[in-house]
Amino acid sequence: MKREAEGEVIHLVDRMVGNVKGGRFEKSLSGLTAAGALVTAAEIYFEHDKASFGNKWMWLPVALGPVGAAAGIAGVFSRRMAKTALPIASAAIVANGLQGTYLHARGIAQKPGGFSNLRYNLEMGPPLLAPLLVTLVGGMGLLASILRREK
């Protein structure tokens with residue numbers, strides 16, 4: 001907490017809202033998108049490698065990670081990139097995450113017993129909700145691209 005001259009207390013939340021209103025948050029969120037894209041791409045690589053990349057679509061989220069990271073870093077340094085490259089890359093990441101959720105659900109359904117053996121197949125099959133984590137990274141990039149930028 002910080003005190004103003006009149007004795008009023010400014011809370012952390014108020015300061016964060018001020019950062020969003022003032023346009024200082026856009027650069028930070030672009031940078032977080034870059035970091036999140038790299039971390040999730042690495043995790044996806046290791047998980048899909050365990051499955052021997054049995055489906056060609058398993059490579060797409062791995063390839064989109066560096067694309068999202070590059071767009072996020074570019075968005076930190078360039079307003080133009082934050083408004084063009086970052087939303088394009090982020091939309092591709094969101095779309096791929098939704099596609100991955102469908103493919104993981106299909107993978108669970110294809111296991112013996114399908115959805116009638118749901119508990120076992122959720123534990124032993126592809127992680128159903130994991131692709132939504134990469135979707136959140138793409139969502140951060142989309143949010144960063146629509147926020148106001150500090151002049």
# chains A, B, ... in the order shown; residues from 1 in each chain; ligands from 1

$ residues_around --residues "Ile44 in chain A" --least-positions-apart "4" --cutoff "9 Å" --atoms "only C-alpha atoms" --output "NGL selection string"
:A and (39-40 or 48-49 or 58 or 61-62 or 131)

$ closest_residue --among "A:Ala42, A:Ala34, A:Val13, A:Leu122" --to "Leu86 in chain A" --atoms "only C-alpha atoms"
A:Ala34

$ residues_around --residues "Ala63 in chain A" --least-positions-apart "6" --cutoff "12 Å" --atoms "only C-alpha atoms" --output "PyMOL selection string"
chain A and resi 37-38+40-42+44-45+56-57+69-70+89+92-93+96

$ residues_around --residues "Ala130 in chain A" --least-positions-apart "5" --cutoff "10 Å" --atoms "only C-alpha atoms" --output "short mmCIF file (atom, residue, chain, number, x, y, z; two decimals) with all heavy atoms, in the first residue's frame"
data_model
loop_
_atom_site.label_atom_id
_atom_site.label_comp_id
_atom_site.auth_asym_id
_atom_site.auth_seq_id
_atom_site.Cartn_x
_atom_site.Cartn_y
_atom_site.Cartn_z
N THR A 40 4.73 -23.16 -22.59
CA THR A 40 3.73 -24.17 -22.98
C THR A 40 4.20 -24.98 -24.19
O THR A 40 3.94 -26.18 -24.25
CB THR A 40 2.36 -23.53 -23.28
OG1 THR A 40 2.52 -22.51 -24.27
CG2 THR A 40 1.73 -22.95 -22.03
N ILE A 44 4.39 -28.93 -24.14
CA ILE A 44 3.66 -29.69 -25.15
C ILE A 44 4.62 -30.60 -25.91
O ILE A 44 4.29 -31.76 -26.21
CB ILE A 44 2.93 -28.74 -26.11
CG1 ILE A 44 1.79 -28.04 -25.39
CG2 ILE A 44 2.42 -29.47 -27.34
CD1 ILE A 44 1.22 -26.86 -26.13
N GLY A 97 -5.60 -24.39 -29.72
CA GLY A 97 -5.97 -24.92 -28.41
C GLY A 97 -7.36 -25.52 -28.40
O GLY A 97 -7.59 -26.58 -27.80
N GLY A 100 -7.12 -28.71 -30.26
CA GLY A 100 -6.48 -29.71 -29.41
C GLY A 100 -7.43 -30.30 -28.38
O GLY A 100 -7.39 -31.50 -28.09
N THR A 101 -8.33 -29.47 -27.85
CA THR A 101 -9.33 -29.98 -26.90
C THR A 101 -10.22 -31.00 -27.59
O THR A 101 -10.52 -32.06 -27.03
CB THR A 101 -10.16 -28.82 -26.33
OG1 THR A 101 -9.28 -27.86 -25.73
CG2 THR A 101 -11.14 -29.31 -25.28
N HIS A 104 -8.14 -34.19 -28.18
CA HIS A 104 -7.93 -34.93 -26.95
C HIS A 104 -9.21 -35.65 -26.53
O HIS A 104 -9.16 -36.80 -26.07
CB HIS A 104 -7.44 -34.01 -25.84
CG HIS A 104 -5.98 -33.68 -25.94
ND1 HIS A 104 -5.20 -33.40 -24.84
CD2 HIS A 104 -5.15 -33.59 -27.01
CE1 HIS A 104 -3.96 -33.15 -25.23
NE2 HIS A 104 -3.90 -33.26 -26.54
N THR A 135 -4.66 -22.21 -24.91
CA THR A 135 -5.69 -21.26 -25.35
C THR A 135 -5.65 -20.01 -24.47
O THR A 135 -5.83 -18.89 -24.97
CB THR A 135 -7.08 -21.92 -25.29
OG1 THR A 135 -7.05 -23.10 -26.10
CG2 THR A 135 -8.16 -21.00 -25.79
#

$ atom_distance --atom1 "CA of Lys151 in chain A" --atom2 "CA of Ala71 in chain A"
19.9 Å

$ atom_distance --atom1 "CA of Arg79 in chain A" --atom2 "CA of Ser30 in chain A"
10.5 Å

$ atom_distance --atom1 "CA of Thr33 in chain A" --atom2 "CA of Ser145 in chain A"
10.7 Å

$ residues_around --residues "Glu26 in chain A" --least-positions-apart "2" --cutoff "8 Å" --atoms "only C-alpha atoms" --output "ChimeraX atom specification"
/A:20,23-24,28-30,76,144-145,147-150

$ write_last_selection --atoms "N, CA, C and O atoms" --output "short mmCIF file (atom, residue, chain, number, x, y, z; two decimals), in the first residue's frame"
data_model
loop_
_atom_site.label_atom_id
_atom_site.label_comp_id
_atom_site.auth_asym_id
_atom_site.auth_seq_id
_atom_site.Cartn_x
_atom_site.Cartn_y
_atom_site.Cartn_z
N VAL A 20 -3.59 -0.26 -16.22
CA VAL A 20 -4.37 -0.66 -17.39
C VAL A 20 -4.92 0.58 -18.08
O VAL A 20 -4.83 0.73 -19.30
N GLY A 23 -2.22 2.56 -19.92
CA GLY A 23 -1.60 1.89 -21.05
C GLY A 23 -0.28 1.21 -20.75
O GLY A 23 0.39 0.73 -21.65
N ARG A 24 0.09 1.13 -19.48
CA ARG A 24 1.37 0.48 -19.14
C ARG A 24 1.26 -1.03 -19.09
O ARG A 24 2.26 -1.73 -19.10
N SER A 28 3.49 -5.30 -20.69
CA SER A 28 3.70 -6.40 -19.75
C SER A 28 2.97 -7.65 -20.20
O SER A 28 3.52 -8.75 -20.15
N LEU A 29 1.74 -7.48 -20.65
CA LEU A 29 0.96 -8.64 -21.08
C LEU A 29 1.52 -9.23 -22.37
O LEU A 29 1.50 -10.45 -22.56
N SER A 30 2.08 -8.40 -23.24
CA SER A 30 2.74 -8.92 -24.44
C SER A 30 3.94 -9.78 -24.05
O SER A 30 4.16 -10.85 -24.61
N VAL A 76 6.13 -6.08 -27.31
CA VAL A 76 6.70 -5.29 -26.21
C VAL A 76 7.38 -4.04 -26.77
O VAL A 76 7.25 -2.95 -26.22
N ALA A 144 -3.84 -8.37 -24.82
CA ALA A 144 -2.77 -7.37 -24.92
C ALA A 144 -2.93 -6.53 -26.19
O ALA A 144 -2.67 -5.33 -26.18
N SER A 145 -3.37 -7.15 -27.25
CA SER A 145 -3.47 -6.42 -28.52
C SER A 145 -4.61 -5.41 -28.54
O SER A 145 -4.58 -4.48 -29.32
N LEU A 147 -5.65 -3.77 -25.68
CA LEU A 147 -5.46 -2.78 -24.61
C LEU A 147 -4.81 -1.51 -25.17
O LEU A 147 -4.08 -1.54 -26.16
N ARG A 148 -5.05 -0.42 -24.48
CA ARG A 148 -4.42 0.85 -24.84
C ARG A 148 -2.94 0.77 -24.51
O ARG A 148 -2.53 0.14 -23.54
N ARG A 149 -2.12 1.42 -25.32
CA ARG A 149 -0.66 1.42 -25.13
C ARG A 149 -0.20 2.78 -24.61
O ARG A 149 -0.68 3.81 -25.05
N GLU A 150 0.72 2.73 -23.67
CA GLU A 150 1.31 3.96 -23.13
C GLU A 150 2.03 4.72 -24.22
O GLU A 150 2.74 4.14 -25.03
#

$ select_by_dssp --residues "chain A" --states "strand (DSSP E)" --output "number ranges by chain"
A: 2-3, 9-10

$ closest_residue --among "A:Leu136, A:Lys83, A:Ser116, A:Val67" --to "Ala95 in chain A" --atoms "only C-alpha atoms"
A:Leu136

$ closest_residue --among "A:Ile10, A:Ala35, A:Val17, A:Val137" --to "Val94 in chain A" --atoms "only C-alpha atoms"
A:Val137

$ closest_residue --among "A:Leu98, A:Ile73, A:Pro127, A:Ala91" --to "Leu32 in chain A" --atoms "only C-alpha atoms"
A:Ile73

$ select_by_dssp --residues "range 5-138 of chain A" --states "helix (DSSP H, G or I)" --output "MDAnalysis selection string"
chainID A and resid 12:22 25:50 56:77 79:83 85:110 114:124 130:138
